[in-house]
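The file work.tsv contains TSV, C-alpha atoms:
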chain	number	residue	atom	x	y	z
A	1473	MET	CA	-43.45	-93.29	77.93
A	1474	SER	CA	-44.19	-92.14	81.45
A	1475	GLN	CA	-46.92	-89.92	82.76
A	1476	SER	CA	-45.76	-86.81	84.61
A	1477	ARG	CA	-47.57	-84.35	86.89
A	1478	SER	CA	-46.94	-80.77	87.95
A	1479	PRO	CA	-49.16	-78.26	89.77
A	1480	GLU	CA	-50.40	-76.76	86.49
A	1481	TYR	CA	-49.78	-79.34	83.78
A	1482	GLN	CA	-49.96	-83.10	83.32
A	1483	TRP	CA	-48.21	-84.39	80.23
A	1484	LEU	CA	-50.05	-87.30	78.57
A	1485	PRO	CA	-47.71	-88.78	75.95
A	1486	THR	CA	-49.93	-91.65	74.72
A	1487	GLY	CA	-53.55	-92.17	73.81
A	1488	ALA	CA	-53.92	-94.78	76.56
A	1489	LEU	CA	-52.80	-92.28	79.22
A	1490	CYS	CA	-55.08	-89.61	77.72
A	1491	PHE	CA	-58.12	-91.87	77.95
A	1492	ALA	CA	-57.26	-93.01	81.47
A	1493	ALA	CA	-56.98	-89.37	82.61
A	1494	MET	CA	-60.23	-88.43	80.86
A	1495	LEU	CA	-62.18	-91.31	82.42
A	1496	GLU	CA	-60.76	-90.45	85.84
A	1497	ALA	CA	-61.87	-86.85	85.35
A	1498	ILE	CA	-65.42	-87.93	84.45
A	1499	GLN	CA	-65.58	-90.33	87.40
A	1500	THR	CA	-64.41	-87.68	89.89
A	1501	ALA	CA	-66.49	-84.77	88.57
A	1502	SER	CA	-68.82	-83.23	91.12
A	1503	LYS	CA	-70.40	-80.38	89.15
A	1504	SER	CA	-69.97	-80.62	85.38
A	1505	VAL	CA	-68.43	-82.55	82.48
A	1506	ARG	CA	-67.99	-81.02	79.02
A	1507	LEU	CA	-66.81	-83.40	76.27
A	1508	GLU	CA	-66.08	-82.19	72.75
A	1509	THR	CA	-64.80	-84.40	69.93
A	1510	TYR	CA	-64.76	-84.68	66.16
A	1511	ILE	CA	-65.22	-88.47	65.95
A	1512	TYR	CA	-67.03	-90.71	68.41
A	1513	HIS	CA	-67.26	-94.44	67.66
A	1514	ASP	CA	-69.71	-97.00	68.96
A	1515	ASP	CA	-66.94	-99.41	70.02
A	1516	GLU	CA	-65.47	-100.61	73.30
A	1517	THR	CA	-63.83	-97.24	73.94
A	1518	GLY	CA	-66.94	-95.26	73.07
A	1519	LEU	CA	-69.05	-97.49	75.30
A	1520	ARG	CA	-66.63	-97.06	78.24
A	1521	PHE	CA	-66.93	-93.30	77.94
A	1522	ARG	CA	-70.71	-93.43	77.61
A	1523	THR	CA	-70.97	-95.58	80.73
A	1524	ALA	CA	-68.83	-93.10	82.69
A	1525	LEU	CA	-70.84	-90.14	81.40
A	1526	VAL	CA	-74.17	-91.79	82.28
A	1527	ALA	CA	-72.90	-92.57	85.79
A	1528	ALA	CA	-71.84	-88.94	86.22
A	1529	ALA	CA	-75.24	-87.66	85.09
A	1530	LEU	CA	-77.04	-90.06	87.45
A	1531	ARG	CA	-75.14	-88.67	90.44
A	1532	GLY	CA	-76.24	-85.13	89.55
A	1533	VAL	CA	-73.31	-83.90	87.44
A	1534	ARG	CA	-74.23	-81.67	84.49
A	1535	VAL	CA	-73.00	-83.60	81.42
A	1536	GLN	CA	-72.74	-82.00	77.97
A	1537	VAL	CA	-71.38	-83.70	74.84
A	1538	LEU	CA	-70.61	-81.88	71.58
A	1539	LEU	CA	-69.90	-83.96	68.46
A	1540	ASP	CA	-69.21	-82.87	64.92
A	1541	ALA	CA	-72.13	-83.89	62.72
A	1542	PHE	CA	-69.88	-85.12	59.90
A	1543	GLY	CA	-67.04	-86.61	61.96
A	1544	SER	CA	-69.51	-88.70	64.00
A	1545	LEU	CA	-71.85	-89.39	61.10
A	1546	GLU	CA	-71.70	-93.18	61.60
A	1547	LEU	CA	-72.90	-92.95	65.22
A	1548	SER	CA	-76.50	-94.14	65.42
A	1549	GLY	CA	-79.22	-91.71	66.45
A	1550	ASP	CA	-80.16	-93.73	69.53
A	1551	PHE	CA	-76.60	-94.18	70.88
A	1552	TRP	CA	-77.00	-91.34	73.37
A	1553	GLU	CA	-80.46	-92.30	74.65
A	1554	PRO	CA	-79.06	-93.68	77.96
A	1555	LEU	CA	-77.23	-90.41	78.64
A	1556	GLU	CA	-80.17	-88.21	77.70
A	1557	ALA	CA	-82.46	-90.35	79.86
A	1558	ALA	CA	-80.05	-89.72	82.76
A	1559	GLY	CA	-80.27	-85.96	82.22
A	1560	GLY	CA	-77.25	-85.37	79.96
A	1561	SER	CA	-77.27	-83.14	76.85
A	1562	VAL	CA	-75.84	-84.05	73.43
A	1563	ARG	CA	-75.53	-81.76	70.41
A	1564	ARG	CA	-74.13	-82.32	66.93
A	1565	PHE	CA	-72.19	-79.38	65.57
A	1566	ASN	CA	-73.16	-77.95	62.16
A	1567	PRO	CA	-75.87	-80.39	61.02
A	1568	LEU	CA	-75.10	-81.48	57.46
A	1569	SER	CA	-76.12	-79.02	54.76
A	1570	VAL	CA	-74.81	-78.52	51.22
A	1571	GLY	CA	-74.19	-74.81	51.71
A	1572	ARG	CA	-72.09	-75.21	54.85
A	1573	PHE	CA	-70.83	-78.79	54.65
A	1574	GLY	CA	-67.15	-77.81	54.69
A	1575	PHE	CA	-67.07	-76.13	58.11
A	1576	ARG	CA	-66.25	-78.76	60.71
A	1577	ASN	CA	-65.53	-78.76	64.44
A	1578	HIS	CA	-62.25	-80.70	64.72
A	1579	ARG	CA	-61.60	-79.81	68.39
A	1580	LYS	CA	-60.98	-82.39	71.14
A	1581	LEU	CA	-61.58	-81.30	74.71
A	1582	LEU	CA	-62.74	-82.53	78.10
A	1583	VAL	CA	-63.43	-80.09	80.95
A	1584	ARG	CA	-64.21	-81.25	84.49
A	1585	ASP	CA	-65.89	-78.90	86.98
A	1586	GLU	CA	-64.49	-75.89	85.06
A	1587	ASP	CA	-61.18	-76.25	86.91
A	1588	SER	CA	-59.42	-79.04	84.98
A	1589	ALA	CA	-59.24	-79.68	81.23
A	1590	ILE	CA	-57.61	-82.16	78.85
A	1591	VAL	CA	-56.78	-81.28	75.23
A	1592	GLY	CA	-55.11	-83.29	72.49
A	1593	GLY	CA	-55.48	-84.91	69.09
A	1594	PHE	CA	-57.41	-88.02	70.13
A	1595	ASN	CA	-60.97	-88.82	69.10
A	1596	ILE	CA	-63.11	-91.18	71.17
A	1597	ALA	CA	-62.41	-94.44	69.34
A	1598	ARG	CA	-60.53	-97.68	69.90
A	1599	GLU	CA	-57.66	-96.90	67.51
A	1600	TYR	CA	-56.46	-94.04	69.74
A	1601	ASP	CA	-56.22	-96.22	72.86
A	1602	GLY	CA	-52.65	-97.49	72.93
A	1603	ASP	CA	-48.99	-96.58	73.28
A	1604	GLY	CA	-48.49	-95.60	69.64
A	1605	VAL	CA	-45.77	-98.21	69.17
A	1606	LEU	CA	-47.14	-101.67	69.85
A	1607	ASP	CA	-50.82	-100.77	69.79
A	1608	GLY	CA	-52.99	-97.83	68.81
A	1609	TRP	CA	-52.20	-94.66	66.90
A	1610	LEU	CA	-49.51	-92.29	68.17
A	1611	ASP	CA	-51.32	-89.46	69.92
A	1612	LEU	CA	-50.82	-87.27	72.98
A	1613	GLY	CA	-52.51	-84.74	75.20
A	1614	LEU	CA	-52.15	-82.26	78.01
A	1615	ARG	CA	-54.09	-81.64	81.20
A	1616	VAL	CA	-54.31	-78.02	82.44
A	1617	VAL	CA	-55.93	-76.50	85.50
A	1618	GLY	CA	-57.00	-73.08	86.75
A	1619	GLU	CA	-57.79	-70.14	84.49
A	1620	THR	CA	-56.78	-71.97	81.29
A	1621	ALA	CA	-59.30	-74.71	82.09
A	1622	ARG	CA	-61.98	-72.11	82.77
A	1623	GLU	CA	-61.25	-70.42	79.47
A	1624	LEU	CA	-61.55	-73.74	77.66
A	1625	SER	CA	-64.86	-74.26	79.46
A	1626	ARG	CA	-66.14	-70.91	78.18
A	1627	SER	CA	-64.96	-71.77	74.68
A	1628	PHE	CA	-66.89	-75.06	74.82
A	1629	ASP	CA	-70.03	-73.25	75.97
A	1630	GLU	CA	-69.75	-70.86	73.02
A	1631	LEU	CA	-69.69	-73.67	70.45
A	1632	PHE	CA	-72.23	-75.83	72.29
A	1633	HIS	CA	-74.69	-72.93	72.29
A	1634	HIS	CA	-74.06	-72.23	68.59
A	1635	ALA	CA	-74.00	-75.86	67.45
A	1636	ASP	CA	-76.87	-75.38	64.98
A	1637	TYR	CA	-74.55	-72.96	63.10
A	1638	LYS	CA	-77.02	-70.21	62.26
A	1639	HIS	CA	-75.82	-67.07	60.47
A	1640	LYS	CA	-76.10	-64.50	63.27
A	1641	ARG	CA	-74.75	-66.86	65.89
A	1642	LEU	CA	-71.74	-67.64	63.72
A	1643	MET	CA	-70.95	-63.97	63.40
A	1644	ARG	CA	-71.15	-63.46	67.16
A	1645	PHE	CA	-68.72	-66.31	67.70
A	1646	ARG	CA	-66.27	-64.81	65.20
A	1647	LYS	CA	-66.30	-61.56	67.18
A	1648	SER	CA	-65.88	-63.35	70.51
A	1649	PRO	CA	-63.03	-62.22	72.82
A	1650	LEU	CA	-62.05	-65.85	73.32
A	1651	HIS	CA	-59.61	-65.95	70.41
A	1652	GLU	CA	-56.64	-65.07	72.59
A	1653	SER	CA	-56.10	-65.35	76.31
A	1654	ASP	CA	-54.08	-63.23	78.70
A	1655	VAL	CA	-50.55	-62.95	77.29
A	1656	ARG	CA	-49.14	-62.59	80.82
A	1657	ARG	CA	-49.99	-66.17	81.76
A	1658	SER	CA	-47.63	-69.08	81.07
A	1659	SER	CA	-50.41	-70.80	79.10
A	1660	ARG	CA	-52.75	-69.42	76.47
A	1661	VAL	CA	-55.73	-70.81	74.59
A	1662	LEU	CA	-55.46	-70.35	70.82
A	1663	ILE	CA	-58.45	-70.82	68.55
A	1664	SER	CA	-58.87	-71.23	64.81
A	1665	ILE	CA	-62.19	-70.48	63.08
A	1666	PRO	CA	-63.28	-70.50	59.42
A	1667	GLY	CA	-62.33	-67.58	57.20
A	1668	ARG	CA	-59.76	-64.83	57.29
A	1669	GLY	CA	-58.74	-63.07	60.46
A	1670	GLY	CA	-59.38	-64.07	64.04
A	1671	ASN	CA	-56.90	-66.94	63.81
A	1672	SER	CA	-54.61	-66.86	66.82
A	1673	ILE	CA	-53.09	-70.27	65.97
A	1674	LYS	CA	-51.56	-69.07	62.71
A	1675	ARG	CA	-50.29	-65.84	64.24
A	1676	ALA	CA	-48.71	-67.57	67.22
A	1677	LEU	CA	-46.98	-70.24	65.14
A	1678	GLU	CA	-45.66	-67.68	62.68
A	1679	ARG	CA	-44.13	-65.65	65.54
A	1680	GLU	CA	-42.59	-68.67	67.25
A	1681	PHE	CA	-41.15	-70.22	64.09
A	1682	ALA	CA	-39.66	-66.88	63.01
A	1683	ARG	CA	-37.67	-66.52	66.25
A	1684	GLY	CA	-36.90	-70.20	66.86
A	1685	ARG	CA	-33.48	-71.82	66.78
A	1686	ASP	CA	-34.76	-75.32	67.57
A	1687	ILE	CA	-38.13	-76.07	65.94
A	1688	ARG	CA	-39.77	-79.47	66.18
A	1689	ILE	CA	-43.07	-80.29	64.49
A	1690	MET	CA	-45.07	-83.50	64.93
A	1691	THR	CA	-48.24	-83.48	62.85
A	1692	ALA	CA	-50.56	-85.97	61.20
A	1693	TYR	CA	-51.12	-83.70	58.18
A	1694	PHE	CA	-48.55	-81.22	56.92
A	1695	LEU	CA	-49.74	-78.62	54.44
A	1696	PRO	CA	-48.91	-75.21	55.96
A	1697	THR	CA	-49.88	-71.84	54.59
A	1698	TRP	CA	-47.44	-70.15	52.24
A	1699	LYS	CA	-46.34	-67.76	55.00
A	1700	LEU	CA	-45.71	-70.52	57.53
A	1701	ARG	CA	-43.86	-72.58	54.94
A	1702	ARG	CA	-41.70	-69.59	54.02
A	1703	THR	CA	-40.98	-68.93	57.70
A	1704	LEU	CA	-39.76	-72.51	58.20
A	1705	LEU	CA	-37.62	-72.39	55.07
A	1706	LEU	CA	-36.00	-69.11	56.15
A	1707	ALA	CA	-35.35	-70.45	59.64
A	1708	ALA	CA	-33.61	-73.55	58.26
A	1709	ARG	CA	-31.52	-71.51	55.80
A	1710	LYS	CA	-30.39	-69.22	58.63
A	1711	GLY	CA	-29.09	-72.17	60.61
A	1712	ALA	CA	-32.02	-73.09	62.86
A	1713	ARG	CA	-32.62	-76.78	63.39
A	1714	VAL	CA	-36.04	-77.61	61.96
A	1715	GLN	CA	-37.27	-81.16	62.45
A	1716	LEU	CA	-40.50	-82.39	60.88
A	1717	LEU	CA	-42.05	-85.69	62.00
A	1718	VAL	CA	-44.92	-86.95	59.82
A	1719	PRO	CA	-46.68	-90.30	59.32
A	1720	GLY	CA	-45.02	-93.12	57.42
A	1721	ARG	CA	-48.39	-94.86	57.67
A	1722	THR	CA	-51.48	-92.71	57.30
A	1723	ASP	CA	-55.27	-92.72	57.39
A	1724	SER	CA	-55.33	-90.23	54.49
A	1725	THR	CA	-53.31	-91.07	51.37
A	1726	LEU	CA	-54.41	-87.82	49.71
A	1727	ALA	CA	-53.07	-85.72	52.61
A	1728	ARG	CA	-49.77	-87.61	52.62
A	1729	LEU	CA	-49.31	-87.10	48.89
A	1730	ALA	CA	-50.03	-83.36	49.23
A	1731	SER	CA	-47.44	-83.07	52.01
A	1732	GLN	CA	-44.82	-84.93	50.00
A	1733	ASN	CA	-45.20	-82.42	47.20
A	1734	LEU	CA	-43.37	-80.00	49.54
A	1735	PHE	CA	-40.57	-82.33	50.65
A	1736	HIS	CA	-38.01	-81.51	47.95
A	1737	ARG	CA	-37.90	-77.80	48.69
A	1738	LEU	CA	-37.89	-78.36	52.45
A	1739	LEU	CA	-35.01	-80.83	52.24
A	1740	ARG	CA	-32.99	-78.48	50.02
A	1741	ALA	CA	-33.37	-75.73	52.64
A	1742	GLY	CA	-32.04	-78.02	55.38
A	1743	VAL	CA	-35.28	-79.10	57.07
A	1744	GLU	CA	-34.96	-82.58	58.60
A	1745	ILE	CA	-37.90	-84.82	57.68
A	1746	HIS	CA	-38.69	-88.10	59.45
A	1747	GLU	CA	-41.53	-90.56	58.85
A	1748	TYR	CA	-42.98	-92.44	61.83
A	1749	GLN	CA	-43.24	-96.19	61.21
A	1750	PRO	CA	-44.87	-98.45	63.86
A	1751	GLN	CA	-48.41	-97.01	63.88
A	1752	ILE	CA	-50.37	-94.16	62.35
A	1753	LEU	CA	-49.12	-90.84	63.70
A	1754	HIS	CA	-52.06	-88.64	64.70
A	1755	ALA	CA	-50.43	-86.33	67.29
A	1756	LYS	CA	-50.22	-82.54	66.99
A	1757	LEU	CA	-47.18	-81.12	68.79
A	1758	PHE	CA	-45.17	-77.97	68.02
A	1759	LEU	CA	-42.02	-77.18	70.02
A	1760	VAL	CA	-39.84	-74.07	69.89
A	1761	GLU	CA	-37.24	-74.29	72.67
A	1762	GLU	CA	-39.30	-74.04	75.90
A	1763	THR	CA	-42.61	-73.21	74.20
A	1764	VAL	CA	-45.06	-76.08	73.70
A	1765	PHE	CA	-48.21	-76.14	71.54
A	1766	VAL	CA	-50.63	-79.06	72.04
A	1767	GLY	CA	-54.19	-79.55	70.84
A	1768	SER	CA	-56.33	-80.56	67.89
A	1769	ALA	CA	-54.78	-78.50	65.07
A	1770	ASN	CA	-52.55	-80.00	62.41
A	1771	LEU	CA	-50.22	-77.85	60.35
A	1772	ASP	CA	-52.43	-77.99	57.27
A	1773	THR	CA	-54.90	-75.90	55.33
A	1774	ARG	CA	-58.02	-77.23	57.05
A	1775	SER	CA	-56.76	-76.72	60.58
A	1776	LEU	CA	-55.33	-73.27	59.87
A	1777	SER	CA	-58.11	-71.79	57.73
A	1778	ILE	CA	-61.25	-73.93	57.63
A	1779	ASN	CA	-61.94	-76.02	60.74
A	1780	TYR	CA	-62.75	-74.97	64.28
A	1781	GLU	CA	-59.58	-75.91	66.17
A	1782	LEU	CA	-57.78	-75.22	69.41
A	1783	LEU	CA	-54.23	-75.34	70.74
A	1784	VAL	CA	-52.91	-74.60	74.19
A	1785	ARG	CA	-49.59	-72.73	74.14
A	1786	VAL	CA	-47.46	-73.23	77.25
A	1787	GLN	CA	-44.13	-71.71	78.24
A	1788	ASP	CA	-42.77	-74.01	80.93
A	1789	ALA	CA	-39.29	-75.55	81.12
A	1790	GLY	CA	-40.44	-78.77	82.79
A	1791	LEU	CA	-43.27	-79.41	80.37
A	1792	ALA	CA	-41.04	-78.56	77.40
A	1793	ARG	CA	-38.46	-81.09	78.60
A	1794	GLN	CA	-41.11	-83.82	78.69
A	1795	ALA	CA	-42.40	-82.82	75.25
A	1796	HIS	CA	-38.89	-82.90	73.75
A	1797	GLU	CA	-38.37	-86.35	75.30
A	1798	THR	CA	-41.61	-87.55	73.68
A	1799	PHE	CA	-40.49	-86.18	70.33
A	1800	ALA	CA	-37.07	-87.83	70.65
A	1801	GLN	CA	-38.65	-91.18	71.52
A	1802	ALA	CA	-40.88	-90.94	68.45
A	1803	LEU	CA	-37.82	-90.22	66.29
A	1804	GLU	CA	-36.33	-93.53	67.42
A	1805	HIS	CA	-39.20	-95.25	65.63
A	1806	SER	CA	-38.92	-93.15	62.48
A	1807	VAL	CA	-36.84	-93.20	59.30
A	1808	PRO	CA	-35.19	-90.06	57.87
A	1809	VAL	CA	-36.05	-88.79	54.43
A	1810	THR	CA	-32.85	-87.69	52.67
A	1811	LEU	CA	-32.64	-85.39	49.68
A	1812	ALA	CA	-30.54	-87.81	47.61
A	1813	VAL	CA	-32.89	-90.74	48.10
A	1814	TRP	CA	-35.98	-88.57	47.69
A	1815	LYS	CA	-34.84	-87.26	44.31
A	1816	LYS	CA	-34.24	-90.78	43.00
A	1817	SER	CA	-37.22	-92.60	44.49
A	1818	ARG	CA	-40.15	-90.79	42.85
A	1819	SER	CA	-41.47	-91.61	39.41
A	1820	TYR	CA	-43.10	-89.09	37.11
A	1821	TRP	CA	-46.49	-90.62	37.94
A	1822	ARG	CA	-45.80	-90.26	41.67
A	1823	LYS	CA	-44.87	-86.59	41.28
A	1824	LEU	CA	-48.05	-85.97	39.27
A	1825	LYS	CA	-50.18	-87.54	42.01
A	1826	GLU	CA	-48.46	-85.38	44.63
A	1827	ARG	CA	-49.15	-82.20	42.64
A	1828	LEU	CA	-52.79	-83.13	42.07
A	1829	ALA	CA	-53.27	-83.90	45.76
A	1830	TYR	CA	-51.64	-80.60	46.69
A	1831	HIS	CA	-53.87	-78.70	44.27
A	1832	LEU	CA	-57.03	-80.31	45.67
A	1833	LEU	CA	-56.23	-79.71	49.34
A	1834	ALA	CA	-54.35	-76.41	49.15
A	1835	ARG	CA	-56.32	-74.72	46.36
A	1836	VAL	CA	-59.70	-76.31	45.61
A	1837	ASP	CA	-60.81	-77.03	49.18
A	1838	PRO	CA	-60.15	-73.45	50.42
A	1839	TYR	CA	-61.80	-72.01	47.29
A	1840	VAL	CA	-65.01	-73.95	48.01
A	1841	ILE	CA	-64.93	-72.79	51.64
A	1842	ARG	CA	-64.44	-69.14	50.67
A	1843	HIS	CA	-67.50	-69.43	48.42
A	1844	GLN	CA	-69.56	-70.89	51.27
A	1845	LEU	CA	-68.38	-68.17	53.65
A	1846	LYS	CA	-69.96	-65.48	51.47
A	1847	SER	CA	-73.43	-66.69	52.47
A	1848	PHE	CA	-72.58	-65.98	56.15
A	1849	ARG	CA	-71.44	-62.37	55.70
Any chance you could give the structure as structure tokens?
Amino acid sequence: MSQSRSPEYQWLPTGALCFAAMLEAIQTASKSVRLETYIYHDDETGLRFRTALVAAALRGVRVQVLLDAFGSLELSGDFWEPLEAAGGSVRRFNPLSVGRFGFRNHRKLLVRDEDSAIVGGFNIAREYDGDGVLDGWLDLGLRVVGETARELSRSFDELFHHADYKHKRLMRFRKSPLHESDVRRSSRVLISIPGRGGNSIKRALEREFARGRDIRIMTAYFLPTWKLRRTLLLAARKGARVQLLVPGRTDSTLARLASQNLFHRLLRAGVEIHEYQPQILHAKLFLVEETVFVGSANLDTRSLSINYELLVRVQDAGLARQAHETFAQALEHSVPVTLAVWKKSRSYWRKLKERLAYHLLARVDPYVIRHQLKSFR
């Protein structure tokens, strides 16, 4: 998979290329570095990033790091002492509390000097650093410049400032104008936040899938809302080509079982389902003709209704061509799921496990979150 540049976008089709671009951005920053991630590991990759961040802070660059308190729970409390001693700032989003445990910041973002940003599905950990075939999980990213990067910078500042997750601050963020960017631009920042309303990711995907004739979805976790699922089924029944690429190997057996509970109906409607084989698939990519969505959000209940997430939506023929090539290359390493084989291959016990997993992730998890949301209203 090759790296490609354009004046506005740089397609990063592997985790290794994403990390190389991110480290280059940190090393060339002259004013500021903003790094936001769900998981940060104390391994060789995490140490490389910390070294680059410390060096940036020592040369006078303003360095800010935002981690999710649960996602980076295993990171020791003294890991960031070298960066803080150099003048950098580190915050953990939503410190763990029983009453608000479910709300997590799942976003992945690096902004350099407010004029260049990289988004994708990768956390800062060794398993994401590879080509997705021979080594490392399959992941990808996108570099953007200009106003989109500045908007991502403002979005980071909003969450960094509100990282302690107090009631009034949460409400101000939910009313923020950052949920949708200027529709006249070729790229837009889309944000998902906990609760109903204010979710530009769901609205954008619903619109695109409803009009699409060639829909391609690559996602680590597939458990869409009822409306999105219905939109995909209707598109396939009306003759649109709908291709779904999901993990054959996964880091979450429960999520995979919940997704498979939907396979039978999708296959009957004509949706093509493929399972990626060489490595764990962790990428989040949604393609509808020449429209590309890239970022941290999966097509599942948590990303669409519970977590803080972001996608960048781009309408660009050149970028779309590269994204379709990446999707096609991933299909070469995947196996199709056919309706005939699927109907015969699942035991009663397997079907029961799929239904239980679906119930837990699509019903119980959102119910708990809705209950927690009441204390913030």
* **Counting all atoms listed in the file, the option among A:Gly1767, A:Gly1711, A:Gly1560, A:Pro1750 closest to Val1661 in chain A** => A:Gly1767
* Asked: Residues at most 7 Å from range 1794-1809 of chain A, counting all atoms listed in the file, excluding those fewer than 2 positions away in the same chain, as a VMD selection string?
  -> chain A and resid 1485 1745 to 1750 1790 to 1792 1811 1814
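In this structure, CA of Ser1768 in chain A sits 6.0 Å away from CA of Lys1580 in chain A.
Minimum atom-to-atom distance to Lys1815 in chain A, evaluated using all atoms listed in the file, belongs to A:Arg1737 out of A:Arg1737, A:Tyr1780, A:Gly1742, A:Glu1496.
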* To do: Find the residues with any atom within 7 Å of (-63.4, -94.9, 64.3); use only C-alpha atoms and the coordinates as given in the file, and write the answer as a count of residues only.
  => 6
* Structure fact -> Expressed in Å, the length from CA of Ala1589 in chain A to CA of Phe1694 in chain A is 26.6 Å
